[in-house]
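**Student:** Sharing coords03.cif, mmCIF, C-alpha atoms:
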data_structure
loop_
_atom_site.label_atom_id
_atom_site.label_comp_id
_atom_site.auth_asym_id
_atom_site.auth_seq_id
_atom_site.Cartn_x
_atom_site.Cartn_y
_atom_site.Cartn_z
CA MET A 1 139.19 30.74 -40.06
CA LEU A 2 140.89 27.70 -41.64
CA ILE A 3 138.66 25.30 -39.69
CA SER A 4 135.55 27.24 -40.78
CA ILE A 5 136.57 27.18 -44.45
CA VAL A 6 137.57 23.50 -44.55
CA SER A 7 134.52 22.28 -42.61
CA PHE A 8 132.18 24.45 -44.70
CA LEU A 9 133.60 23.03 -47.94
CA PHE A 10 133.35 19.49 -46.52
CA VAL A 11 129.67 19.91 -45.63
CA LEU A 12 128.93 21.66 -48.91
CA ALA A 13 130.62 18.86 -50.89
CA ILE A 14 128.42 16.25 -49.18
CA LEU A 15 125.22 18.21 -49.79
CA VAL A 16 126.10 18.95 -53.42
CA PHE A 17 127.05 15.31 -54.01
CA VAL A 18 123.69 14.16 -52.61
CA HIS A 19 121.79 16.76 -54.64
CA GLU A 20 123.51 16.05 -57.93
CA GLY A 21 123.42 12.33 -57.15
CA GLY A 22 119.64 12.56 -57.07
CA HIS A 23 119.58 14.08 -60.56
CA PHE A 24 122.14 11.53 -61.79
CA LEU A 25 120.27 8.46 -60.50
CA ALA A 26 116.89 9.70 -61.75
CA ALA A 27 118.30 10.47 -65.20
CA ARG A 28 119.90 7.03 -65.44
CA HIS A 29 116.66 5.45 -64.23
CA VAL A 30 114.62 6.87 -67.12
CA GLY A 31 117.40 6.28 -69.67
CA VAL A 32 118.86 9.76 -70.19
CA ARG A 33 122.52 9.90 -71.17
CA VAL A 34 124.60 11.61 -68.42
CA LEU A 35 127.62 13.33 -69.95
CA GLN A 36 129.23 14.85 -66.85
CA PHE A 37 128.94 14.72 -63.06
CA SER A 38 130.89 17.54 -61.40
CA LEU A 39 131.65 18.54 -57.83
CA GLY A 40 132.53 22.22 -57.97
CA LEU A 41 132.29 24.63 -60.86
CA PRO A 42 134.78 25.12 -63.74
CA PRO A 43 137.68 25.37 -64.32
CA ARG A 44 138.34 21.64 -64.17
CA ALA A 45 140.91 20.31 -61.69
CA PHE A 46 140.63 16.56 -62.20
CA GLY A 47 138.44 14.19 -64.19
CA ARG A 48 138.01 10.54 -65.10
CA ARG A 49 135.56 8.81 -67.38
CA PHE A 50 133.56 5.77 -66.30
CA GLY A 51 131.41 4.44 -69.11
CA GLU A 52 129.66 7.32 -70.86
CA THR A 53 129.92 9.72 -67.91
CA GLU A 54 132.90 11.94 -67.07
CA PHE A 55 133.26 12.56 -63.33
CA LEU A 56 134.89 15.89 -62.54
CA LEU A 57 136.38 17.76 -59.61
CA CYS A 58 136.49 21.49 -60.33
CA TRP A 59 138.36 24.37 -58.72
CA ILE A 60 135.42 26.56 -57.61
CA PRO A 61 134.05 24.59 -54.62
CA VAL A 62 130.65 26.26 -54.27
CA GLY A 63 128.34 24.04 -56.28
CA GLY A 64 128.23 21.30 -58.83
CA TYR A 65 126.23 20.06 -61.77
CA VAL A 66 125.07 17.06 -63.78
CA LYS A 67 125.18 17.59 -67.53
CA LEU A 68 122.48 15.64 -69.36
CA GLU A 69 122.44 15.23 -73.11
CA GLY A 70 119.59 17.31 -74.49
CA GLN A 71 119.09 19.53 -71.44
CA ASN A 72 120.71 22.45 -73.25
CA ILE A 73 119.01 24.04 -76.22
CA ASP A 74 121.96 23.38 -78.57
CA ASP A 75 121.91 19.57 -78.15
CA GLU A 76 118.17 18.83 -77.96
CA ASP A 77 117.13 15.85 -80.09
CA PRO A 78 113.58 14.60 -79.45
CA SER A 79 114.20 11.71 -81.84
CA ASP A 80 116.97 10.22 -79.69
CA PRO A 81 115.39 7.99 -76.98
CA ARG A 82 118.30 8.74 -74.60
CA ASN A 83 118.07 12.50 -75.06
CA TYR A 84 116.54 14.57 -72.24
CA ALA A 85 114.34 16.39 -74.75
CA SER A 86 112.74 13.11 -75.83
CA LYS A 87 111.37 12.31 -72.38
CA THR A 88 107.83 13.00 -71.23
CA VAL A 89 107.00 15.93 -68.96
CA LEU A 90 106.54 13.53 -66.05
CA GLN A 91 109.95 11.90 -66.62
CA ARG A 92 111.68 15.29 -66.81
CA LEU A 93 109.84 16.39 -63.67
CA TYR A 94 111.14 13.25 -61.96
CA ILE A 95 114.73 14.12 -62.93
CA LEU A 96 114.44 17.76 -61.84
CA ALA A 97 112.77 17.05 -58.52
CA ALA A 98 115.14 14.22 -57.56
CA GLY A 99 117.96 16.58 -56.50
CA PRO A 100 115.97 18.64 -53.98
CA VAL A 101 114.11 15.52 -52.79
CA PHE A 102 117.43 13.80 -52.04
CA ASN A 103 118.44 16.82 -49.93
CA LEU A 104 115.15 16.64 -48.02
CA ALA A 105 115.63 12.90 -47.54
CA LEU A 106 119.16 13.45 -46.21
CA ALA A 107 117.80 15.94 -43.66
CA LEU A 108 115.17 13.38 -42.63
CA LEU A 109 117.89 10.76 -42.13
CA ILE A 110 120.25 13.00 -40.17
CA MET A 111 117.88 14.83 -37.82
CA PRO A 112 116.88 11.74 -35.74
CA LEU A 113 120.60 11.09 -35.17
CA VAL A 114 120.81 14.50 -33.49
CA PHE A 115 118.26 13.44 -30.86
CA MET A 116 119.83 9.98 -30.49
CA LEU A 117 123.30 11.41 -29.85
CA GLY A 118 121.85 13.83 -27.34
CA VAL A 119 120.98 17.50 -27.33
CA GLU A 120 122.88 19.54 -24.77
CA ARG A 121 120.80 22.34 -23.27
CA PRO A 122 121.45 24.90 -20.55
CA ALA A 123 119.79 23.60 -17.38
CA TYR A 124 117.93 26.88 -16.84
CA ARG A 125 115.85 26.11 -19.94
CA THR A 126 114.13 23.29 -18.07
CA GLY A 127 113.24 25.62 -15.18
CA PRO A 128 110.56 28.33 -14.83
CA ALA A 129 110.48 30.81 -17.74
CA MET A 130 111.39 33.93 -15.77
CA THR A 131 113.00 37.05 -17.22
CA GLY A 132 116.15 38.20 -15.48
CA GLU A 133 116.63 41.41 -17.44
CA VAL A 134 114.80 43.33 -20.18
CA THR A 135 116.84 45.77 -22.25
CA ALA A 136 115.31 49.19 -22.89
CA ASP A 137 114.06 50.12 -26.39
CA THR A 138 113.83 46.49 -27.53
CA PRO A 139 110.71 44.65 -28.77
CA ALA A 140 110.26 42.96 -25.38
CA ALA A 141 110.53 46.25 -23.48
CA LYS A 142 108.14 48.03 -25.82
CA ALA A 143 105.64 45.16 -25.40
CA GLY A 144 105.69 45.75 -21.62
CA PHE A 145 107.91 42.92 -20.38
CA ALA A 146 109.97 43.59 -17.23
CA ALA A 147 112.60 41.81 -15.17
CA GLY A 148 111.05 39.17 -12.91
CA ASP A 149 108.14 38.32 -15.21
CA ARG A 150 107.20 34.65 -15.38
CA ILE A 151 105.78 33.48 -18.72
CA VAL A 152 103.13 30.86 -18.00
CA GLY A 153 101.41 30.66 -21.39
CA VAL A 154 101.81 31.39 -25.10
CA GLY A 155 98.48 31.65 -26.90
CA GLU A 156 96.41 28.75 -25.62
CA THR A 157 99.46 26.70 -24.63
CA GLU A 158 100.67 26.49 -21.03
CA THR A 159 104.42 26.98 -20.77
CA PHE A 160 106.44 26.08 -17.69
CA THR A 161 109.97 26.24 -19.15
CA TRP A 162 111.96 28.41 -21.57
CA THR A 163 112.10 25.48 -24.01
CA ALA A 164 108.29 25.34 -24.03
CA VAL A 165 108.06 29.12 -24.46
CA ASP A 166 110.39 29.13 -27.47
CA ARG A 167 108.61 26.20 -29.13
CA ALA A 168 105.12 27.62 -28.59
CA ALA A 169 106.15 31.15 -29.67
CA ALA A 170 107.71 29.77 -32.87
CA GLU A 171 104.48 27.90 -33.67
CA GLN A 172 102.27 30.91 -32.86
CA SER A 173 104.40 33.23 -35.02
CA ILE A 174 103.67 31.05 -38.05
CA TYR A 175 99.91 31.39 -37.88
CA GLY A 176 99.26 34.94 -36.69
CA GLU A 177 100.45 38.54 -36.81
CA VAL A 178 101.14 38.62 -33.06
CA VAL A 179 102.27 36.17 -30.39
CA ARG A 180 100.27 36.48 -27.15
CA PHE A 181 101.82 35.77 -23.76
CA SER A 182 100.26 35.07 -20.37
CA VAL A 183 102.56 36.54 -17.72
CA GLU A 184 102.66 36.60 -13.93
CA ARG A 185 104.22 39.64 -12.31
CA GLY A 186 104.29 39.70 -8.52
CA GLY A 187 101.26 37.41 -8.41
CA THR A 188 99.28 39.57 -10.85
CA PRO A 189 98.33 38.07 -14.24
CA LEU A 190 99.16 40.13 -17.35
CA TYR A 191 98.56 39.61 -21.05
CA LEU A 192 101.25 40.93 -23.39
CA GLN A 193 101.92 40.46 -27.09
CA LEU A 194 104.80 40.74 -29.56
CA PRO A 195 104.58 41.09 -33.36
CA SER A 196 105.29 37.74 -35.04
CA ARG A 197 107.92 39.26 -37.31
CA HIS A 198 110.33 39.56 -34.36
CA PHE A 199 110.51 35.75 -34.11
CA ASN A 200 111.71 35.41 -37.72
CA ASP A 201 114.64 37.80 -37.86
CA SER A 202 118.12 37.78 -36.37
CA LYS A 203 117.63 40.63 -33.90
CA PRO A 204 117.23 39.79 -30.18
CA LEU A 205 113.85 40.23 -28.53
CA GLY A 206 115.49 42.07 -25.63
CA TRP A 207 114.79 39.78 -22.69
CA ARG A 208 117.30 37.61 -20.87
CA PRO A 209 116.21 34.48 -19.03
CA LEU A 210 116.81 34.46 -15.30
CA ILE A 211 119.84 32.19 -14.85
CA PRO A 212 120.67 31.46 -11.20
CA PRO A 213 124.34 32.06 -10.25
CA VAL A 214 125.00 28.35 -9.75
CA VAL A 215 128.25 26.75 -10.96
CA GLY A 216 127.82 23.96 -13.50
CA THR A 217 131.40 23.22 -14.55
CA VAL A 218 134.83 24.38 -13.42
CA SER A 219 137.48 24.65 -16.15
CA PRO A 220 140.69 22.69 -15.53
CA ASP A 221 143.73 24.78 -14.51
CA SER A 222 141.53 27.86 -14.11
CA PRO A 223 141.47 30.48 -11.33
CA ALA A 224 138.15 28.97 -10.19
CA GLU A 225 139.73 25.52 -9.76
CA ALA A 226 142.63 27.05 -7.82
CA ALA A 227 140.15 28.91 -5.60
CA GLY A 228 138.31 25.68 -4.79
CA PHE A 229 135.04 26.11 -6.70
CA GLN A 230 132.95 22.98 -7.23
CA PRO A 231 129.95 22.20 -9.45
CA GLY A 232 126.75 23.04 -7.60
CA ASP A 233 128.20 26.00 -5.71
CA ARG A 234 125.76 28.91 -5.57
CA ILE A 235 127.57 32.26 -5.62
CA LEU A 236 125.82 34.59 -3.19
CA SER A 237 128.07 37.64 -3.48
CA ILE A 238 131.35 38.93 -4.93
CA ASP A 239 133.31 41.41 -2.79
CA GLY A 240 130.18 41.97 -0.72
CA GLN A 241 127.93 42.66 -3.74
CA ALA A 242 124.90 40.34 -3.61
CA LEU A 243 124.08 38.37 -6.77
CA THR A 244 120.76 37.16 -8.14
CA ARG A 245 121.63 36.55 -11.84
CA TRP A 246 124.41 34.68 -13.62
CA GLU A 247 125.36 37.70 -15.73
CA GLU A 248 126.24 39.64 -12.58
CA ILE A 249 129.22 37.31 -12.01
CA SER A 250 130.94 38.49 -15.18
CA GLU A 251 129.96 42.12 -14.52
CA ALA A 252 131.59 42.01 -11.08
CA ILE A 253 134.74 40.33 -12.41
CA GLN A 254 135.13 42.93 -15.19
CA ARG A 255 134.76 45.75 -12.66
CA GLY A 256 137.59 44.25 -10.64
CA GLN A 257 139.96 44.41 -13.65
CA GLY A 258 141.93 41.36 -12.53
CA ALA A 259 142.11 42.14 -8.81
CA GLU A 260 141.70 39.33 -6.30
CA SER A 261 138.02 38.87 -5.42
CA ALA A 262 136.19 37.32 -2.48
CA PHE A 263 133.35 34.96 -3.44
CA GLU A 264 130.72 34.00 -0.88
CA VAL A 265 129.26 30.65 -1.92
CA GLU A 266 126.69 28.24 -0.59
CA ARG A 267 127.58 24.54 -0.80
CA GLU A 268 125.21 21.84 0.49
CA GLY A 269 123.56 24.33 2.85
CA ALA A 270 126.81 25.69 4.27
CA ARG A 271 128.29 29.11 3.46
CA MET A 272 131.98 29.64 2.82
CA LEU A 273 134.34 32.27 1.43
CA LEU A 274 136.58 31.56 -1.58
CA THR A 275 139.21 33.92 -2.98
CA GLY A 276 140.51 33.94 -6.54
CA THR A 277 142.31 36.15 -9.02
CA PRO A 278 140.67 36.28 -12.50
CA ALA A 279 142.82 35.56 -15.55
CA HIS A 280 143.11 37.95 -18.48
CA ILE A 281 141.63 36.76 -21.80
CA THR A 282 144.28 36.98 -24.50
CA GLY A 283 143.36 39.42 -27.26
CA ALA A 284 140.40 40.91 -25.38
CA ASP A 285 139.99 43.47 -22.65
CA ARG A 286 138.19 40.97 -20.44
CA TRP A 287 138.79 38.74 -17.45
CA ARG A 288 137.59 35.22 -16.61
CA ILE A 289 137.40 33.03 -13.55
CA GLY A 290 136.72 29.74 -15.39
CA ILE A 291 133.19 28.63 -14.54
CA SER A 292 130.01 28.01 -16.55
CA TYR A 293 126.38 27.45 -15.65
CA PRO A 294 124.93 23.91 -15.60
CA PHE A 295 124.04 22.01 -18.78
CA ILE A 296 121.97 18.87 -19.23
CA LYS A 297 122.04 16.37 -22.08
CA GLU A 298 118.80 14.89 -23.38
CA GLN A 299 119.05 11.62 -25.34
CA TYR A 300 116.28 9.58 -26.94
CA GLY A 301 115.76 6.11 -28.34
CA PRO A 302 115.46 5.49 -32.11
CA VAL A 303 111.65 5.64 -32.28
CA GLU A 304 111.24 8.78 -30.18
CA ALA A 305 114.24 10.40 -31.90
CA THR A 306 112.64 9.75 -35.31
CA VAL A 307 109.38 11.34 -34.17
CA LEU A 308 111.15 14.35 -32.64
CA GLY A 309 113.47 14.73 -35.63
CA SER A 310 110.58 14.65 -38.10
CA GLN A 311 108.61 17.16 -36.03
CA ARG A 312 111.64 19.45 -35.86
CA LEU A 313 112.00 19.37 -39.64
CA LEU A 314 108.30 20.14 -40.08
CA ASP A 315 108.63 23.12 -37.72
CA LEU A 316 111.71 24.38 -39.56
CA THR A 317 109.96 23.97 -42.93
CA ALA A 318 106.90 25.93 -41.77
CA THR A 319 109.11 28.66 -40.31
CA THR A 320 111.09 28.85 -43.56
CA PHE A 321 108.00 29.37 -45.71
CA VAL A 322 106.59 31.95 -43.29
CA PHE A 323 109.87 33.85 -43.41
CA LEU A 324 109.97 33.69 -47.22
CA GLY A 325 106.40 35.01 -47.34
CA ARG A 326 107.29 37.92 -45.08
CA LEU A 327 110.43 38.57 -47.11
CA VAL A 328 108.44 38.80 -50.33
CA THR A 329 105.88 41.13 -48.70
CA PHE A 330 108.68 43.29 -47.17
CA GLN A 331 107.68 42.38 -43.61
CA ALA A 332 111.11 40.84 -42.92
CA SER A 333 114.59 42.20 -43.51
CA PHE A 334 117.21 40.74 -45.86
CA ASP A 335 119.63 41.17 -42.94
CA ALA A 336 118.13 38.00 -41.46
CA LEU A 337 119.32 35.95 -44.46
CA GLY A 338 122.48 33.95 -43.92
CA GLY A 339 124.99 33.55 -46.72
CA PRO A 340 128.17 31.48 -47.19
CA VAL A 341 130.19 33.48 -44.66
CA LYS A 342 127.65 33.12 -41.85
CA ILE A 343 127.03 29.43 -42.63
CA GLY A 344 130.79 28.84 -42.61
CA GLN A 345 131.04 30.51 -39.20
CA PHE A 346 128.36 28.26 -37.70
CA ILE A 347 129.83 25.10 -39.22
CA GLY A 348 133.34 26.07 -38.10
CA GLN A 349 132.14 26.64 -34.55
CA ALA A 350 130.35 23.28 -34.50
CA THR A 351 133.45 21.55 -35.92
CA ARG A 352 135.68 23.03 -33.23
CA GLN A 353 133.25 21.77 -30.58
CA VAL A 354 133.55 18.25 -32.00
CA PHE A 355 137.35 18.21 -31.76
CA ASP A 356 138.15 20.38 -28.73
CA GLY A 357 135.46 18.97 -26.44
CA THR A 358 134.03 22.38 -25.45
CA SER A 359 130.52 20.97 -25.91
CA ARG A 360 129.28 17.52 -24.93
CA SER A 361 126.97 17.58 -27.93
CA GLY A 362 129.41 18.93 -30.52
CA LEU A 363 128.71 16.14 -33.02
CA ALA A 364 124.96 16.55 -32.54
CA ASN A 365 125.28 20.29 -33.20
CA PHE A 366 127.34 19.60 -36.33
CA LEU A 367 124.78 17.11 -37.66
CA PHE A 368 121.91 19.47 -36.87
CA LEU A 369 123.54 22.18 -39.00
CA MET A 370 124.08 19.70 -41.83
CA ALA A 371 120.44 18.60 -41.68
CA PHE A 372 119.23 22.20 -41.50
CA ILE A 373 121.33 23.33 -44.48
CA SER A 374 120.26 20.26 -46.48
CA LEU A 375 116.62 21.09 -45.71
CA GLN A 376 117.10 24.71 -46.81
CA LEU A 377 118.91 23.60 -49.96
CA GLY A 378 116.03 21.28 -50.84
CA ILE A 379 113.37 23.92 -50.20
CA PHE A 380 115.27 26.70 -51.98
CA ASN A 381 115.85 24.61 -55.10
CA LEU A 382 112.12 23.84 -55.36
CA LEU A 383 111.18 27.53 -55.43
CA PRO A 384 109.87 28.65 -58.87
CA ILE A 385 112.92 30.79 -59.58
CA PRO A 386 114.42 30.56 -63.09
CA ALA A 387 117.79 28.73 -63.18
CA LEU A 388 116.81 26.63 -60.14
CA ASP A 389 115.19 23.20 -60.31
CA GLY A 390 111.91 24.79 -59.23
CA GLY A 391 112.12 27.24 -62.13
CA HIS A 392 112.58 24.41 -64.61
CA ILE A 393 109.66 22.56 -63.00
CA PHE A 394 107.52 25.70 -63.37
CA LEU A 395 108.40 25.87 -67.08
CA LEU A 396 107.46 22.20 -67.41
CA GLY A 397 104.05 23.08 -65.97
CA LEU A 398 103.63 25.81 -68.57
CA GLU A 399 104.68 23.36 -71.28
CA LYS A 400 102.07 20.88 -70.06
CA LEU A 401 99.37 23.57 -70.13
CA LYS A 402 100.44 24.76 -73.55
CA GLY A 403 100.61 21.23 -74.95
CA LYS A 404 104.00 21.73 -76.64
CA PRO A 405 107.56 22.79 -75.74
CA LEU A 406 108.15 26.47 -74.92
CA SER A 407 110.21 28.51 -77.34
CA ALA A 408 114.00 28.40 -77.01
CA ARG A 409 114.10 32.21 -76.75
CA LEU A 410 111.75 32.23 -73.74
CA ARG A 411 113.73 29.55 -71.96
CA GLU A 412 117.03 31.35 -72.61
CA ARG A 413 115.68 34.64 -71.28
CA THR A 414 114.24 33.10 -68.13
CA GLN A 415 117.55 31.36 -67.48
CA MET A 416 119.43 34.64 -67.85
CA ILE A 417 117.02 36.45 -65.53
CA GLY A 418 117.25 33.65 -62.99
CA PHE A 419 121.05 33.62 -62.91
CA SER A 420 121.08 37.41 -62.53
CA LEU A 421 118.65 37.27 -59.58
CA LEU A 422 120.64 34.52 -57.88
CA LEU A 423 123.89 36.42 -58.34
CA MET A 424 122.33 39.57 -56.87
CA LEU A 425 121.00 37.59 -53.91
CA LEU A 426 124.41 36.01 -53.31
CA VAL A 427 126.09 39.42 -53.34
CA VAL A 428 123.53 40.87 -50.89
CA VAL A 429 123.70 38.04 -48.34
CA THR A 430 127.49 37.86 -48.53
CA TYR A 431 127.72 41.63 -47.98
CA ASN A 432 125.40 41.31 -44.96
CA ASP A 433 127.49 38.44 -43.59
CA ILE A 434 130.73 40.40 -43.87
CA LEU A 435 129.15 43.55 -42.43
CA GLN A 436 127.83 41.65 -39.40
CA LEU A 437 131.21 39.92 -38.98
CA VAL A 438 133.06 43.26 -38.99
CA THR A 439 130.65 44.93 -36.57
CA GLN A 440 130.54 42.07 -34.04
#
Show me the file's structure as structure tokens.

**Tutor:**
Amino acid sequence: MLISIVSFLFVLAILVFVHEGGHFLAARHVGVRVLQFSLGLPPRAFGRRFGETEFLLCWIPVGGYVKLEGQNIDDEDPSDPRNYASKTVLQRLYILAAGPVFNLALALLIMPLVFMLGVERPAYRTGPAMTGEVTADTPAAKAGFAAGDRIVGVGETETFTWTAVDRAAAEQSIYGEVVRFSVERGGTPLYLQLPSRHFNDSKPLGWRPLIPPVVGTVSPDSPAEAAGFQPGDRILSIDGQALTRWEEISEAIQRGQGAESAFEVEREGARMLLTGTPAHITGADRWRIGISYPFIKEQYGPVEATVLGSQRLLDLTATTFVFLGRLVTFQASFDALGGPVKIGQFIGQATRQVFDGTSRSGLANFLFLMAFISLQLGIFNLLPIPALDGGHIFLLGLEKLKGKPLSARLRERTQMIGFSLLLMLLVVVTYNDILQLVTQ
């Protein structure tokens, strides 16, 4: 919990600093007087003045702000050349847009680093896209998918791996109401489809990829190491029960409830019998042997990483707008929205991977999350919602059409409505986060 909180606040501080830094630099560029630059929200914890600007660190670490002279109704002075109210619509647009644009630029800088550091993927994702299990009463089951199906196409795109299936399905879900799959079942071609909405919410589709029961890594000082397991071993059976899927290993171990088990394995074409006693997992009614399936790490050079990183951001942006559209039209659930608690969980998990070495791409995962959140922050702040930068930009557009400033009363009311909507949204997503955390 402490790691999640500290790492979340660290990432948030960087993103807020970049965002507010964009506003600050743009305001200084066009000659607007910047009164305060704050990380965090009041009450004030620490502050120091440099020139005409007071730099603050405040106690509530969930935001920040740049206070410009003339941006509030009570200090507007169109006659003062350094007052925000004296600037042209284009100059004010430049100041307002700079914050979100800096967040988008940060995402564009970070994402290529993810691909340069290397993306760790389960090895099965580079193999044939075959389903190992399909859970009843799930979207996949209702669409007609069954265990043993091989997905060979999504729409007009041929797919030979799970990575290709996921990428093509995400693209197809953006442009249509359904995602169409070409499937082979026992040599017979089938054509199945899933509603696109299922690819934009947090609920599982219901299928599990077929993961062969092949050992990728053996944990140090584990029962598996003591038993003599080695990477590359294929587990054929446990206590005489034949295996075809990776998940069956855990199922067999849990059934044994800690009893010594006999593992028949195949190693370099030879069969052998290994015996081991699973260890109990502290704080959980589960047992472990200490093995994981194979992973591979894909790394790219600067040019290819830049291309892949940019493409990934474009895909995420398109998916975000599709999801927002479905949210507005009530085709997607608010349960799929992630709030501070869920974001903190993800960042905390990625941070632990960086320091404890449980993932060979822990730093890449951490940077991906930072780039993703920065992208979302940039997009969200450009939405035409009152109290956000996009809301102010929308009012600037109305001012331009009207040919004169909007009334102070209208601007005050839109601000109040905007803050109320944002507060309601924050309460809803935080409630969903806590509910999902409790029910996990």

**Student:** Going by the chain IDs and residue numbers used in this file, which residues fall under the PyMOL selection byres ((chain A and resi 411) around 12)? Write them as a PyMOL selection string.

**Tutor:** chain A and resi 71-73+386-387+391-392+394-396+398-399+405-410+412-418

**Student:** Quick one: which residues end up in the PyMOL selection byres ((chain A and resi 40-52) around 12) for this structure, as a ChimeraX atom specification?

**Tutor:** /A:9-10,12-17,20,28,32-39,53-69

**Student:** Once 3 Å is added on each side, what are the centre and the three edge lengths, in Å to one decimal, of the axis-aligned box enclosing the listed atoms of stretch 175-191 of chain A? Present them as JSON.

**Tutor:**
{"center_x": 101.3, "center_y": 35.8, "center_z": -23.1, "size_x": 12.0, "size_y": 14.7, "size_z": 35.5}

**Student:** I'd like the contact shell of stretch 299-307 of chain A - 10 Å cut-off, all atoms listed in the file, skipping same-chain residues fewer than 6 positions apart - returned as a PDB file with C-alpha atoms, in the frame of the given file.

**Tutor:**
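Final output, around.pdb:
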ATOM      1  CA  LEU A 108     115.170  13.380 -42.630  1.00  0.00           C
ATOM      2  CA  LEU A 109     117.890  10.760 -42.130  1.00  0.00           C
ATOM      3  CA  ILE A 110     120.250  13.000 -40.170  1.00  0.00           C
ATOM      4  CA  MET A 111     117.880  14.830 -37.820  1.00  0.00           C
ATOM      5  CA  PRO A 112     116.880  11.740 -35.740  1.00  0.00           C
ATOM      6  CA  LEU A 113     120.600  11.090 -35.170  1.00  0.00           C
ATOM      7  CA  VAL A 114     120.810  14.500 -33.490  1.00  0.00           C
ATOM      8  CA  PHE A 115     118.260  13.440 -30.860  1.00  0.00           C
ATOM      9  CA  MET A 116     119.830   9.980 -30.490  1.00  0.00           C
ATOM     10  CA  LEU A 117     123.300  11.410 -29.850  1.00  0.00           C
ATOM     11  CA  GLY A 118     121.850  13.830 -27.340  1.00  0.00           C
ATOM     12  CA  VAL A 119     120.980  17.500 -27.330  1.00  0.00           C
ATOM     13  CA  GLU A 120     122.880  19.540 -24.770  1.00  0.00           C
TER      14      GLU A 120
END

**Student:** Tell me which residues come within 9 Å of (127.5, 23.5, -38.4), as a PyMOL selection string, counting all atoms listed in the file in the file's coordinates.

**Tutor:** chain A and resi 7-8+11+343-351+365-370+372-373

**Student:** Atoms to include: C-alpha atoms. Write the selected residues as a tab-separated table (two decimals), in the frame of the given file.

**Tutor:**
chain	number	residue	atom	x	y	z
A	7	SER	CA	134.52	22.28	-42.61
A	8	PHE	CA	132.18	24.45	-44.70
A	11	VAL	CA	129.67	19.91	-45.63
A	343	ILE	CA	127.03	29.43	-42.63
A	344	GLY	CA	130.79	28.84	-42.61
A	345	GLN	CA	131.04	30.51	-39.20
A	346	PHE	CA	128.36	28.26	-37.70
A	347	ILE	CA	129.83	25.10	-39.22
A	348	GLY	CA	133.34	26.07	-38.10
A	349	GLN	CA	132.14	26.64	-34.55
A	350	ALA	CA	130.35	23.28	-34.50
A	351	THR	CA	133.45	21.55	-35.92
A	365	ASN	CA	125.28	20.29	-33.20
A	366	PHE	CA	127.34	19.60	-36.33
A	367	LEU	CA	124.78	17.11	-37.66
A	368	PHE	CA	121.91	19.47	-36.87
A	369	LEU	CA	123.54	22.18	-39.00
A	370	MET	CA	124.08	19.70	-41.83
A	372	PHE	CA	119.23	22.20	-41.50
A	373	ILE	CA	121.33	23.33	-44.48

**Student:** Could you write stretch 381-396 of chain A of the block just shown to a file containing C-alpha atoms, as a PDB file, in the first residue's frame?

**Tutor:**
ATOM      1  CA  ASN A 381      -8.127  18.299 -20.192  1.00  0.00           C
ATOM      2  CA  LEU A 382      -8.941  19.162 -23.814  1.00  0.00           C
ATOM      3  CA  LEU A 383     -12.538  17.953 -23.492  1.00  0.00           C
ATOM      4  CA  PRO A 384     -15.074  20.833 -23.582  1.00  0.00           C
ATOM      5  CA  ILE A 385     -16.018  20.420 -19.929  1.00  0.00           C
ATOM      6  CA  PRO A 386     -16.345  23.615 -17.856  1.00  0.00           C
ATOM      7  CA  ALA A 387     -13.503  24.071 -15.317  1.00  0.00           C
ATOM      8  CA  LEU A 388     -11.098  22.128 -17.552  1.00  0.00           C
ATOM      9  CA  ASP A 389      -8.765  23.701 -20.109  1.00  0.00           C
ATOM     10  CA  GLY A 390     -11.053  22.411 -22.858  1.00  0.00           C
ATOM     11  CA  GLY A 391     -14.010  24.164 -21.248  1.00  0.00           C
ATOM     12  CA  HIS A 392     -12.141  27.462 -21.191  1.00  0.00           C
ATOM     13  CA  ILE A 393     -11.134  26.924 -24.819  1.00  0.00           C
ATOM     14  CA  PHE A 394     -14.787  26.307 -25.708  1.00  0.00           C
ATOM     15  CA  LEU A 395     -15.769  29.593 -24.035  1.00  0.00           C
ATOM     16  CA  LEU A 396     -13.020  31.335 -25.999  1.00  0.00           C
TER      17      LEU A 396
END
